[in-house]
file protein.pdb (PDB, C-alpha atoms)
ATOM      1  CA  MET Y  19       0.000   0.000   0.000
ATOM      2  CA  ARG Y  20       2.900   2.291   0.818
ATOM      3  CA  THR Y  21       4.470   1.587  -2.590
ATOM      4  CA  LEU Y  22       1.098   2.316  -4.205
ATOM      5  CA  GLY Y  23       0.936   5.632  -2.349
ATOM      6  CA  ILE Y  24       4.428   6.651  -3.433
ATOM      7  CA  LEU Y  25       3.642   5.563  -7.017
ATOM      8  CA  PHE Y  26       0.443   7.634  -6.953
ATOM      9  CA  TYR Y  27       2.270  10.768  -5.817
ATOM     10  CA  THR Y  28       5.064  10.192  -8.351
ATOM     11  CA  VAL Y  29       2.620   9.824 -11.259
ATOM     12  CA  ILE Y  30       0.555  12.867 -10.244
ATOM     13  CA  LEU Y  31       3.612  15.087  -9.725
ATOM     14  CA  THR Y  32       5.200  13.893 -12.994
ATOM     15  CA  LEU Y  33       1.984  14.671 -14.891
ATOM     16  CA  ILE Y  34       1.836  18.161 -13.356
ATOM     17  CA  GLY Y  35       5.523  18.676 -14.221
ATOM     18  CA  LEU Y  36       5.035  17.494 -17.803
ATOM     19  CA  GLY Y  37       1.970  19.711 -18.167
ATOM     20  CA  LEU Y  38       3.935  22.763 -17.021
ATOM     21  CA  ILE Y  39       6.864  21.927 -19.339
ATOM     22  CA  PHE Y  40       4.563  21.513 -22.366
ATOM     23  CA  LEU Y  41       2.739  24.721 -21.479
ATOM     24  CA  ALA Y  42       6.026  26.622 -21.292
ATOM     25  CA  LEU Y  43       7.261  25.095 -24.564
ATOM     26  CA  GLY Y  44       3.947  25.727 -26.309
ATOM     27  CA  LEU Y  45       4.014  29.383 -25.337
ATOM     28  CA  SER Y  46       7.718  29.788 -26.285
ATOM     29  CA  PHE Y  47       7.681  28.627 -29.882
ATOM     30  CA  GLU Y  48       5.611  30.400 -32.484
ATOM     31  CA  GLY Y  49       4.820  27.183 -34.356
ATOM     32  CA  PHE Y  50       3.221  25.631 -31.288
ATOM     33  CA  GLN Y  51       1.561  28.850 -30.072
ATOM     34  CA  THR Y  52      -1.299  28.918 -32.578
ATOM     35  CA  PHE Y  53      -1.928  25.253 -32.061
ATOM     36  CA  SER Y  54      -1.789  25.437 -28.269
ATOM     37  CA  THR Y  55      -3.958  28.571 -28.046
ATOM     38  CA  ALA Y  56      -6.553  27.093 -30.353
ATOM     39  CA  TYR Y  57      -6.433  23.814 -28.484
ATOM     40  CA  VAL Y  58      -6.884  25.477 -25.083
ATOM     41  CA  ASN Y  59      -9.708  27.603 -26.501
ATOM     42  CA  THR Y  60     -11.459  24.500 -27.796
ATOM     43  CA  ILE Y  61     -11.210  22.825 -24.384
ATOM     44  CA  PHE Y  62     -12.562  25.859 -22.550
ATOM     45  CA  THR Y  63     -15.398  26.351 -25.038
ATOM     46  CA  TYR Y  64     -16.350  22.709 -24.636
ATOM     47  CA  LEU Y  65     -16.288  23.051 -20.847
ATOM     48  CA  GLU Y  66     -18.409  26.218 -20.967
ATOM     49  CA  THR Y  67     -21.110  24.592 -23.061
ATOM     50  CA  ASN Y  68     -21.157  21.139 -21.505
ATOM     51  CA  ILE Y  69     -22.278  20.987 -17.842
ATOM     52  CA  TYR Y  70     -21.593  17.230 -17.581
ATOM     53  CA  ALA Y  71     -17.936  17.824 -18.479
ATOM     54  CA  ARG Y  72     -17.690  20.405 -15.679
ATOM     55  CA  ILE Y  73     -19.335  18.046 -13.187
ATOM     56  CA  THR Y  74     -16.907  15.286 -14.253
ATOM     57  CA  ILE Y  75     -13.921  17.574 -13.727
ATOM     58  CA  PHE Y  76     -15.284  18.710 -10.351
ATOM     59  CA  LEU Y  77     -15.800  15.112  -9.188
ATOM     60  CA  ALA Y  78     -12.359  14.087 -10.506
ATOM     61  CA  GLY Y  79     -10.786  16.913  -8.505
ATOM     62  CA  LEU Y  80     -12.687  15.886  -5.379
ATOM     63  CA  LEU Y  81     -11.679  12.248  -5.827
ATOM     64  CA  LEU Y  82      -8.059  13.273  -6.287
ATOM     65  CA  ILE Y  83      -8.105  15.231  -3.021
ATOM     66  CA  LEU Y  84      -9.746  12.328  -1.165
ATOM     67  CA  LEU Y  85      -7.187   9.871  -2.533
ATOM     68  CA  THR Y  86      -4.303  12.181  -1.658
ATOM     69  CA  VAL Y  87      -5.515  12.632   1.929
ATOM     70  CA  SER Y  88      -6.109   8.895   2.331
ATOM     71  CA  PHE Y  89      -2.686   7.952   0.974
ATOM     72  CA  ALA Y  90      -1.059  10.606   3.154
ATOM     73  CA  GLN Y  91      -2.818   9.153   6.218
ATOM     74  CA  LEU Y  92      -1.721   5.641   5.311
ATOM     75  CA  ILE Y  93       1.886   6.621   4.728
ATOM     76  CA  ILE Y  94       2.078   8.756   7.884
ATOM     77  CA  GLY Y  95       0.402   5.979   9.871
ATOM     78  CA  ARG Y  96       2.895   3.439   8.551
ATOM     79  CA  PHE Y  97       5.819   5.688   9.432
ATOM     80  CA  GLN Y  98       4.402   6.260  12.918
ATOM     81  CA  ARG Y  99       3.897   2.552  13.456
ATOM     82  CA  GLU Y 100       7.518   1.821  12.620
ATOM     83  CA  LYS Y 101       8.760   4.074  15.421
ATOM     84  CA  ASN Y 102       8.337   1.927  18.482
ATOM     85  CA  ILE Y 103       9.992  -0.563  20.783
ATOM     86  CA  ALA Y 104       8.548  -4.017  21.304
ATOM     87  CA  PHE Y 105       8.736  -6.979  23.658
ATOM     88  CA  ASN Y 106       6.838 -10.228  23.920
ATOM     89  CA  THR Y 107       4.782 -11.545  26.806
ATOM     90  CA  ALA Y 108       2.987 -14.860  27.247
ATOM     91  CA  SER Y 109      -0.252 -13.328  25.911
ATOM     92  CA  GLY Y 110       1.194 -11.525  22.904
ATOM     93  CA  GLU Y 111       3.312  -8.606  21.813
ATOM     94  CA  VAL Y 112       3.566  -5.215  23.538
ATOM     95  CA  THR Y 113       4.797  -2.280  21.480
ATOM     96  CA  ILE Y 114       5.502   1.146  22.925
ATOM     97  CA  ALA Y 115       5.501   4.133  20.594
ATOM     98  CA  LEU Y 116       8.553   6.349  20.919
ATOM     99  CA  SER Y 117       6.178   9.313  21.118
ATOM    100  CA  ALA Y 118       4.773   7.753  24.311
ATOM    101  CA  ILE Y 119       8.266   7.758  25.822
ATOM    102  CA  GLU Y 120       8.591  11.393  24.744
ATOM    103  CA  ASP Y 121       5.292  12.144  26.543
ATOM    104  CA  LEU Y 122       6.710  10.497  29.646
ATOM    105  CA  ILE Y 123       9.917  12.547  29.558
ATOM    106  CA  ARG Y 124       7.999  15.780  28.937
ATOM    107  CA  ARG Y 125       6.270  15.295  32.305
ATOM    108  CA  LEU Y 126       9.649  15.543  34.066
ATOM    109  CA  VAL Y 127       9.432  19.346  33.809
ATOM    110  CA  ASN Y 128       7.186  19.248  36.866
ATOM    111  CA  ILE Y 129       9.764  17.291  38.886
ATOM    112  CA  ILE Y 130      12.764  19.595  38.338
ATOM    113  CA  PRO Y 131      11.819  23.212  39.115
ATOM    114  CA  GLU Y 132      14.888  24.705  37.376
ATOM    115  CA  ILE Y 133      13.651  23.509  33.966
ATOM    116  CA  LYS Y 134      11.418  25.871  32.044
ATOM    117  CA  GLU Y 135      11.007  23.818  28.882
ATOM    118  CA  LEU Y 136      11.913  20.297  27.843
ATOM    119  CA  ARG Y 137      11.756  18.924  24.299
ATOM    120  CA  PRO Y 138      12.665  15.247  24.020
ATOM    121  CA  ASP Y 139      13.464  13.294  20.884
ATOM    122  CA  VAL Y 140      13.722   9.526  21.334
ATOM    123  CA  ARG Y 141      15.408   7.201  18.843
ATOM    124  CA  VAL Y 142      16.344   3.540  18.796
ATOM    125  CA  THR Y 143      19.607   2.356  17.248
ATOM    126  CA  LYS Y 144      19.954  -0.863  15.272
ATOM    127  CA  LYS Y 145      21.756  -2.405  18.248
ATOM    128  CA  GLY Y 146      18.686  -1.739  20.406
ATOM    129  CA  SER Y 147      20.025   1.165  22.479
ATOM    130  CA  LEU Y 148      17.636   3.952  23.313
ATOM    131  CA  ILE Y 149      18.947   7.432  22.526
ATOM    132  CA  VAL Y 150      17.203  10.354  24.201
ATOM    133  CA  ASP Y 151      18.017  13.839  22.960
ATOM    134  CA  LEU Y 152      16.852  16.502  25.395
ATOM    135  CA  ARG Y 153      16.637  20.157  24.424
ATOM    136  CA  VAL Y 154      16.192  22.168  27.595
ATOM    137  CA  VAL Y 155      15.499  25.763  28.521
ATOM    138  CA  LEU Y 156      16.563  26.508  32.093
ATOM    139  CA  LYS Y 157      14.922  28.979  34.430
ATOM    140  CA  SER Y 158      17.967  30.199  36.326
ATOM    141  CA  GLU Y 159      21.742  30.061  36.260
ATOM    142  CA  ALA Y 160      21.927  26.840  38.212
ATOM    143  CA  ASN Y 161      25.005  24.639  38.388
ATOM    144  CA  LEU Y 162      24.854  23.166  34.908
ATOM    145  CA  PRO Y 163      26.984  20.009  35.395
ATOM    146  CA  GLU Y 164      25.043  19.126  38.528
ATOM    147  CA  LEU Y 165      21.655  19.895  36.999
ATOM    148  CA  THR Y 166      22.272  18.079  33.713
ATOM    149  CA  MET Y 167      23.638  15.051  35.560
ATOM    150  CA  ARG Y 168      20.544  15.038  37.783
ATOM    151  CA  LEU Y 169      18.302  15.338  34.719
ATOM    152  CA  GLN Y 170      20.109  12.420  33.039
ATOM    153  CA  ASP Y 171      19.771  10.265  36.168
ATOM    154  CA  ILE Y 172      16.088  11.090  36.649
ATOM    155  CA  THR Y 173      15.279  10.506  32.960
ATOM    156  CA  ARG Y 174      17.144   7.184  32.895
ATOM    157  CA  ALA Y 175      15.536   6.028  36.158
ATOM    158  CA  LYS Y 176      12.055   7.042  34.976
ATOM    159  CA  ILE Y 177      12.403   5.228  31.635
ATOM    160  CA  GLN Y 178      13.756   2.094  33.314
ATOM    161  CA  ASP Y 179      11.084   2.249  36.012
ATOM    162  CA  VAL Y 180       8.112   2.794  33.689
ATOM    163  CA  LEU Y 181       9.219   0.719  30.697
ATOM    164  CA  GLY Y 182      11.135  -1.922  32.611
ATOM    165  CA  ILE Y 183      13.755  -2.193  29.869
ATOM    166  CA  GLU Y 184      17.289  -3.455  30.362
ATOM    167  CA  GLU Y 185      18.757  -1.965  27.171
ATOM    168  CA  GLN Y 186      21.354   0.788  27.213
ATOM    169  CA  ILE Y 187      19.861   4.274  27.502
ATOM    170  CA  ILE Y 188      21.981   7.152  26.212
ATOM    171  CA  ILE Y 189      20.792  10.590  27.286
ATOM    172  CA  LYS Y 190      22.139  13.635  25.480
ATOM    173  CA  ILE Y 191      21.305  17.084  26.793
ATOM    174  CA  HIS Y 192      21.424  20.307  24.849
ATOM    175  CA  VAL Y 193      20.895  23.442  26.907
ATOM    176  CA  ALA Y 194      19.291  25.756  24.381
ATOM    177  CA  LYS Y 195      18.658  28.772  26.597
ATOM    178  CA  ILE Y 196      19.023  30.004  30.158
ATOM    179  CA  ILE Y 197      16.439  32.518  31.270
ATOM    180  CA  SER Y 198      17.992  34.696  33.982
ATOM    181  CA  ASP Y 199      16.073  36.143  36.939
ATOM    182  CA  GLU Y 200      16.387  39.668  35.480
ATOM    183  CA  GLU Y 201      14.864  38.513  32.225
ATOM    184  CA  LYS Y 202      12.107  36.735  34.102
ATOM    185  CA  ASP Y 203      11.348  39.932  36.100
ATOM    186  CA  ARG Y 204      11.369  42.022  32.929
ATOM    187  CA  ARG Y 205       9.001  39.615  31.204
ATOM    188  CA  ARG Y 206       6.736  39.548  34.256
ATOM    189  CA  LYS Y 207       6.623  43.360  34.320
ATOM    190  CA  GLU Y 208       5.884  43.450  30.611
ATOM    191  CA  THR Y 209       3.016  40.996  30.990
ATOM    192  CA  GLU Y 210       1.682  42.821  34.045
ATOM    193  CA  GLY Y 211       1.921  46.095  32.157
ATOM    194  CA  GLU Y 212       0.011  44.622  29.243
ATOM    195  CA  HIS Y 213      -2.697  43.312  31.531
ATOM    196  CA  SER Y 214      -3.086  46.449  33.620
ATOM    197  CA  ALA Y 215      -3.122  48.852  30.682
ATOM    198  CA  ILE Y 216      -6.671  50.001  29.963
ATOM    199  CA  PRO Y 217      -7.372  50.405  26.266
ATOM    200  CA  PHE Y 218      -7.531  54.132  25.370
ATOM    201  CA  GLY Y 219      -6.827  54.792  29.093
ATOM    202  CA  ARG Y 220      -4.740  57.865  28.280
ATOM    203  CA  TYR Y 221      -7.686  59.552  26.633
ATOM    204  CA  SER Y 222      -9.654  61.347  29.345
ATOM    205  CA  LYS Y 223     -13.262  62.424  29.135
ATOM    206  CA  MET Y 224     -13.928  65.948  28.010
TER     207      MET Y 224
ATOM    208  CA  MET A   5     -17.002  -6.768   8.652
ATOM    209  CA  GLN A   6     -16.174 -10.346   9.660
ATOM    210  CA  SER A   7     -17.928 -12.307  12.359
ATOM    211  CA  ASP A   8     -17.221 -15.378  14.417
ATOM    212  CA  GLU A   9     -19.923 -18.023  14.145
ATOM    213  CA  SER A  10     -20.822 -21.290  15.859
ATOM    214  CA  ARG A  11     -23.659 -23.693  15.207
ATOM    215  CA  THR A  12     -26.016 -25.014  17.890
ATOM    216  CA  ASP A  13     -28.880 -27.541  17.637
ATOM    217  CA  ILE A  14     -31.397 -24.827  16.869
ATOM    218  CA  GLY A  15     -29.397 -22.450  14.751
ATOM    219  CA  LEU A  16     -26.365 -20.296  14.200
ATOM    220  CA  ILE A  17     -24.731 -17.856  16.628
ATOM    221  CA  ARG A  18     -22.714 -15.094  15.063
ATOM    222  CA  ILE A  19     -20.477 -12.788  17.049
ATOM    223  CA  HIS A  20     -19.635  -9.642  15.171
ATOM    224  CA  ASP A  21     -16.062  -8.307  15.212
ATOM    225  CA  LYS A  22     -17.462  -5.099  16.704
ATOM    226  CA  VAL A  23     -18.612  -7.113  19.728
ATOM    227  CA  ILE A  24     -15.122  -8.577  20.195
ATOM    228  CA  SER A  25     -13.733  -5.088  19.810
ATOM    229  CA  SER A  26     -16.187  -3.686  22.404
ATOM    230  CA  ILE A  27     -15.450  -6.432  24.942
ATOM    231  CA  SER A  28     -11.715  -5.850  24.475
ATOM    232  CA  SER A  29     -12.138  -2.093  24.852
ATOM    233  CA  LEU A  30     -14.195  -2.381  28.051
ATOM    234  CA  ALA A  31     -11.894  -5.018  29.534
ATOM    235  CA  ALA A  32      -8.832  -2.920  28.769
ATOM    236  CA  THR A  33     -10.173   0.328  30.196
ATOM    237  CA  GLU A  34     -11.266  -1.233  33.488
ATOM    238  CA  ILE A  35      -7.622  -1.907  34.358
ATOM    239  CA  GLU A  36      -6.063   0.683  36.633
ATOM    240  CA  GLY A  37      -3.409   2.668  34.816
ATOM    241  CA  VAL A  38      -5.190   2.670  31.459
ATOM    242  CA  LYS A  39      -6.245   6.118  30.333
ATOM    243  CA  GLY A  40      -8.083   4.934  27.239
ATOM    244  CA  ILE A  41      -7.958   3.481  23.763
ATOM    245  CA  ARG A  42      -6.391   5.623  21.100
ATOM    246  CA  ARG A  43      -8.105   5.953  17.740
ATOM    247  CA  GLY A  44      -5.908   4.611  14.989
ATOM    248  CA  TYR A  45      -4.551   6.416  11.971
ATOM    249  CA  ARG A  46      -7.502   5.080   9.982
ATOM    250  CA  THR A  47      -9.601   8.124  10.690
ATOM    251  CA  GLY A  48     -10.994  10.894   8.516
ATOM    252  CA  PHE A  49     -11.891   9.950   4.985
ATOM    253  CA  ILE A  50     -10.772   6.348   5.355
ATOM    254  CA  SER A  51     -13.147   5.781   8.266
ATOM    255  CA  ILE A  52     -15.993   7.107   6.106
ATOM    256  CA  LEU A  53     -15.106   4.754   3.263
ATOM    257  CA  ASP A  54     -14.214   1.793   5.450
ATOM    258  CA  LYS A  55     -16.397   0.903   8.427
ATOM    259  CA  LYS A  56     -13.531  -1.028  10.050
ATOM    260  CA  GLY A  57     -11.840   2.282  10.655
ATOM    261  CA  ILE A  58     -14.441   3.275  13.256
ATOM    262  CA  SER A  59     -12.799   1.076  15.872
ATOM    263  CA  ALA A  60      -9.085   1.332  16.533
ATOM    264  CA  ILE A  61      -9.043  -2.173  17.971
ATOM    265  CA  LYS A  62      -8.253  -4.690  15.253
ATOM    266  CA  VAL A  63      -9.559  -8.231  15.354
ATOM    267  CA  ILE A  64      -7.771 -10.779  13.171
ATOM    268  CA  LYS A  65      -9.067 -14.323  12.793
ATOM    269  CA  ASP A  66      -6.854 -17.136  11.482
ATOM    270  CA  LYS A  67      -7.783 -20.368   9.675
ATOM    271  CA  ASN A  68      -8.025 -22.340  12.920
ATOM    272  CA  GLY A  69     -10.656 -19.964  14.278
ATOM    273  CA  GLU A  70      -8.254 -18.412  16.788
ATOM    274  CA  ILE A  71      -8.336 -14.671  17.127
ATOM    275  CA  THR A  72      -5.648 -12.044  17.581
ATOM    276  CA  VAL A  73      -6.633  -8.687  19.026
ATOM    277  CA  GLN A  74      -4.543  -5.540  18.557
ATOM    278  CA  ILE A  75      -5.223  -2.776  21.096
ATOM    279  CA  PRO A  76      -3.708   0.729  20.919
ATOM    280  CA  LEU A  77      -3.535   2.010  24.496
ATOM    281  CA  ILE A  78      -2.917   5.260  26.298
ATOM    282  CA  ILE A  79      -1.396   4.665  29.719
ATOM    283  CA  LYS A  80      -1.726   6.986  32.706
ATOM    284  CA  TYR A  81       1.436   8.753  33.797
ATOM    285  CA  GLY A  82       3.269   7.069  36.668
ATOM    286  CA  TYR A  83       2.277   3.469  35.989
ATOM    287  CA  ASN A  84       4.654   0.707  34.952
ATOM    288  CA  ILE A  85       3.870   0.021  31.292
ATOM    289  CA  PRO A  86       4.809  -3.696  31.092
ATOM    290  CA  GLU A  87       2.763  -4.424  34.217
ATOM    291  CA  VAL A  88      -0.303  -2.541  32.965
ATOM    292  CA  ALA A  89       0.027  -4.129  29.499
ATOM    293  CA  ALA A  90       0.259  -7.627  31.003
ATOM    294  CA  ARG A  91      -2.824  -7.010  33.176
ATOM    295  CA  VAL A  92      -4.745  -5.702  30.131
ATOM    296  CA  GLN A  93      -3.767  -8.780  28.108
ATOM    297  CA  GLU A  94      -4.916 -11.094  30.892
ATOM    298  CA  ASN A  95      -8.205  -9.270  31.494
ATOM    299  CA  VAL A  96      -9.042  -9.045  27.774
ATOM    300  CA  ARG A  97      -8.246 -12.741  27.292
ATOM    301  CA  ASN A  98     -10.375 -13.777  30.296
ATOM    302  CA  ASN A  99     -13.327 -11.632  29.227
ATOM    303  CA  LEU A 100     -13.258 -12.770  25.602
ATOM    304  CA  GLU A 101     -13.088 -16.415  26.635
ATOM    305  CA  LYS A 102     -15.783 -16.004  29.297
ATOM    306  CA  MET A 103     -18.238 -13.813  27.370
ATOM    307  CA  ALA A 104     -17.819 -14.992  23.786
ATOM    308  CA  GLY A 105     -16.247 -18.426  24.252
ATOM    309  CA  LEU A 106     -13.500 -17.560  21.796
ATOM    310  CA  ILE A 107     -10.047 -19.062  21.506
ATOM    311  CA  VAL A 108      -7.659 -16.149  21.855
ATOM    312  CA  LYS A 109      -4.246 -16.626  20.279
ATOM    313  CA  ASP A 110      -2.589 -13.275  20.951
ATOM    314  CA  ILE A 111      -3.473  -9.920  22.434
ATOM    315  CA  ASN A 112      -1.048  -7.378  21.054
ATOM    316  CA  ILE A 113      -0.804  -4.114  22.943
ATOM    317  CA  SER A 114       0.519  -0.971  21.318
ATOM    318  CA  VAL A 115       1.190   1.844  23.786
ATOM    319  CA  GLN A 116       0.587   5.034  21.819
ATOM    320  CA  GLY A 117       0.811   7.665  24.519
ATOM    321  CA  ILE A 118       1.128   8.599  28.165
ATOM    322  CA  GLU A 119      -1.269  11.084  29.695
ATOM    323  CA  LYS A 120      -2.052  12.476  33.108
ATOM    324  CA  ASP A 121      -5.481  12.263  34.755
TER     325      ASP A 121
END
call {"tool": "encode", "arguments": {"input": "protein.pdb", "output": "structure tokens"}}
result
Amino acid sequence: MRTLGILFYTVILTLIGLGLIFLALGLSFEGFQTFSTAYVNTIFTYLETNIYARITIFLAGLLLILLTVSFAQLIIGRFQREKNIAFNTASGEVTIALSAIEDLIRRLVNIIPEIKELRPDVRVTKKGSLIVDLRVVLKSEANLPELTMRLQDITRAKIQDVLGIEEQIIIKIHVAKIISDEEKDRRRKETEGEHSAIPFGRYSKM
Amino acid sequence: MQSDESRTDIGLIRIHDKVISSISSLAATEIEGVKGIRRGYRTGFISILDKKGISAIKVIKDKNGEITVQIPLIIKYGYNIPEVAARVQENVRNNLEKMAGLIVKDINISVQGIEKD
């Protein structure tokens, strides 16, 4: 089905490309111009006079959109399904989507107060190791080595605790931004100022 | 839509796949730690064209009459996923065997997300 989807997109895009190329060529050369103009005119005249032709084109367009959306859903769904880790139990297979692990890590913001924002990206290597890339925005100028080490330990412990996996977990941290206290105060004042300002407040009644 | 059928002395009993899907859904959600069942990617236009898309739980029946159920789950934050998944598998198996008298081959769990209450 995935191959069919890719084939569908390839054919449609090639046809559009060919159409544009022929249109450009037809308008560039004088020999083709008369032919192409007359040909286009004939098509449009036919469409103007024949309502069934217009309905057919309308329905074809609608069908094309429906097919495109459906194929896109299938392909995206297939890609999403591939991104997971799996293990077997006596009753069957259990797969855990990597996005679920990302959800789990995102919740750690509430545990560590120094973290303002946390964006995880979880990948699995061919060897089976779990790689967690964390992009963090910190609230204050805390001790970075201590904080990042704590974050790594907490993340690793949480993943092992909730998923119960024995595989190697590699946690990479990228500190993207540190919001200082001054900046926080300035932002707070700005927001307070915006809230307290009355619209047209400086215009007094006559 | 497929259905599981068995013959008795006075006629035929058919169990629709939707019924198996409903039993599985109810049995899964009554386990502590399960937030709910996630709708699959077969939504939108596909679900209009294909009635199977309405339920995210897939029921597959093999030649021997054994069924495999695939359940996409959302787990509550703070619960151990393998433990919850194992309890769901056991509860779904017990309920399907008890209520519909089916032979369950596999119950495949797919954890799609983690959410808070």
call {"tool": "resolve_selection", "arguments": {"input": "protein.pdb", "expression": "the PyMOL selection byres ((chain A and resi 96-104) around 8)", "output": "VMD selection string"}}
result
chain A and resid 19 24 27 to 28 31 to 32 92 to 95 105 to 108 111
call {"tool": "interface_residues", "arguments": {"input": "protein.pdb", "of": "chain Y", "to": "chain A", "cutoff": "7 Å", "atoms": "only C-alpha atoms", "output": "ChimeraX atom specification"}}
result
/Y:84,88,91,95,109-115,117-118,121-122,179-182
call {"tool": "atom_distance", "arguments": {"input": "protein.pdb", "atom1": "atom CA of Y:Ile196", "atom2": "atom CA of Y:Leu156"}}
result
4.7 Å
call {"tool": "resolve_selection", "arguments": {"input": "protein.pdb", "expression": "the PyMOL selection byres ((chain Y and resi 21-34) around 12)", "output": "JSON, numbers by chain"}}
result
{"Y": [19, 20, 35, 36, 37, 38, 39, 40, 41, 82, 83, 85, 86, 87, 88, 89, 90, 91, 92, 93, 94, 96]}
call {"tool": "atom_distance", "arguments": {"input": "protein.pdb", "atom1": "atom CA of Y:Val155", "atom2": "atom CA of Y:Lys134"}}
result
5.4 Å
call {"tool": "atom_distance", "arguments": {"input": "protein.pdb", "atom1": "atom CA of Y:Ile188", "atom2": "atom CA of Y:Val150"}}
result
6.1 Å
call {"tool": "resolve_selection", "arguments": {"input": "protein.pdb", "expression": "the PyMOL selection byres ((chain Y and resi 164-175) around 10)", "output": "VMD selection string"}}
result
chain Y and resid 122 to 124 126 to 127 129 to 130 132 to 133 150 152 154 156 160 to 163 176 to 182 186 to 193
call {"tool": "axis_aligned_box", "arguments": {"input": "protein.pdb", "around": "stretch 174-185 of chain Y", "padding_each_side": "8 Å", "output": "lines of an AutoDock Vina configuration file"}}
result
center_x = 13.4
center_y = 1.9
center_z = 31.7
size_x = 26.6
size_y = 26.6
size_z = 25.0
call {"tool": "build_atoms", "arguments": {"input": "protein.pdb", "residues": "stretch 104-115 of chain A", "atoms": "N, CA and C atoms", "output": "PDB file, keeping the file's coordinate frame"}}
result
ATOM      1  N   ALA A 104     -17.537 -14.572  25.164  1.00  0.00           N
ATOM      2  CA  ALA A 104     -17.819 -14.992  23.786  1.00  0.00           C
ATOM      3  C   ALA A 104     -17.382 -16.423  23.491  1.00  0.00           C
ATOM      4  N   GLY A 105     -16.706 -17.050  24.432  1.00  0.00           N
ATOM      5  CA  GLY A 105     -16.247 -18.426  24.252  1.00  0.00           C
ATOM      6  C   GLY A 105     -15.255 -18.563  23.107  1.00  0.00           C
ATOM      7  N   LEU A 106     -14.450 -17.544  22.921  1.00  0.00           N
ATOM      8  CA  LEU A 106     -13.500 -17.560  21.796  1.00  0.00           C
ATOM      9  C   LEU A 106     -12.146 -18.118  22.219  1.00  0.00           C
ATOM     10  N   ILE A 107     -11.426 -18.626  21.233  1.00  0.00           N
ATOM     11  CA  ILE A 107     -10.047 -19.062  21.506  1.00  0.00           C
ATOM     12  C   ILE A 107      -9.141 -17.887  21.105  1.00  0.00           C
ATOM     13  N   VAL A 108      -8.492 -17.325  22.111  1.00  0.00           N
ATOM     14  CA  VAL A 108      -7.659 -16.149  21.855  1.00  0.00           C
ATOM     15  C   VAL A 108      -6.205 -16.590  21.699  1.00  0.00           C
ATOM     16  N   LYS A 109      -5.647 -16.258  20.539  1.00  0.00           N
ATOM     17  CA  LYS A 109      -4.246 -16.626  20.279  1.00  0.00           C
ATOM     18  C   LYS A 109      -3.309 -15.597  20.898  1.00  0.00           C
ATOM     19  N   ASP A 110      -3.469 -14.347  20.468  1.00  0.00           N
ATOM     20  CA  ASP A 110      -2.589 -13.275  20.951  1.00  0.00           C
ATOM     21  C   ASP A 110      -3.388 -12.010  21.233  1.00  0.00           C
ATOM     22  N   ILE A 111      -2.921 -11.268  22.216  1.00  0.00           N
ATOM     23  CA  ILE A 111      -3.473  -9.920  22.434  1.00  0.00           C
ATOM     24  C   ILE A 111      -2.279  -8.979  22.355  1.00  0.00           C
ATOM     25  N   ASN A 112      -2.182  -8.279  21.266  1.00  0.00           N
ATOM     26  CA  ASN A 112      -1.048  -7.378  21.054  1.00  0.00           C
ATOM     27  C   ASN A 112      -1.399  -5.977  21.517  1.00  0.00           C
ATOM     28  N   ILE A 113      -0.577  -5.460  22.398  1.00  0.00           N
ATOM     29  CA  ILE A 113      -0.804  -4.114  22.943  1.00  0.00           C
ATOM     30  C   ILE A 113       0.169  -3.157  22.277  1.00  0.00           C
ATOM     31  N   SER A 114      -0.345  -2.009  21.868  1.00  0.00           N
ATOM     32  CA  SER A 114       0.519  -0.971  21.318  1.00  0.00           C
ATOM     33  C   SER A 114       0.317   0.292  22.148  1.00  0.00           C
ATOM     34  N   VAL A 115       1.316   0.641  22.934  1.00  0.00           N
ATOM     35  CA  VAL A 115       1.190   1.844  23.786  1.00  0.00           C
ATOM     36  C   VAL A 115       1.492   3.068  22.926  1.00  0.00           C
TER      37      VAL A 115
END
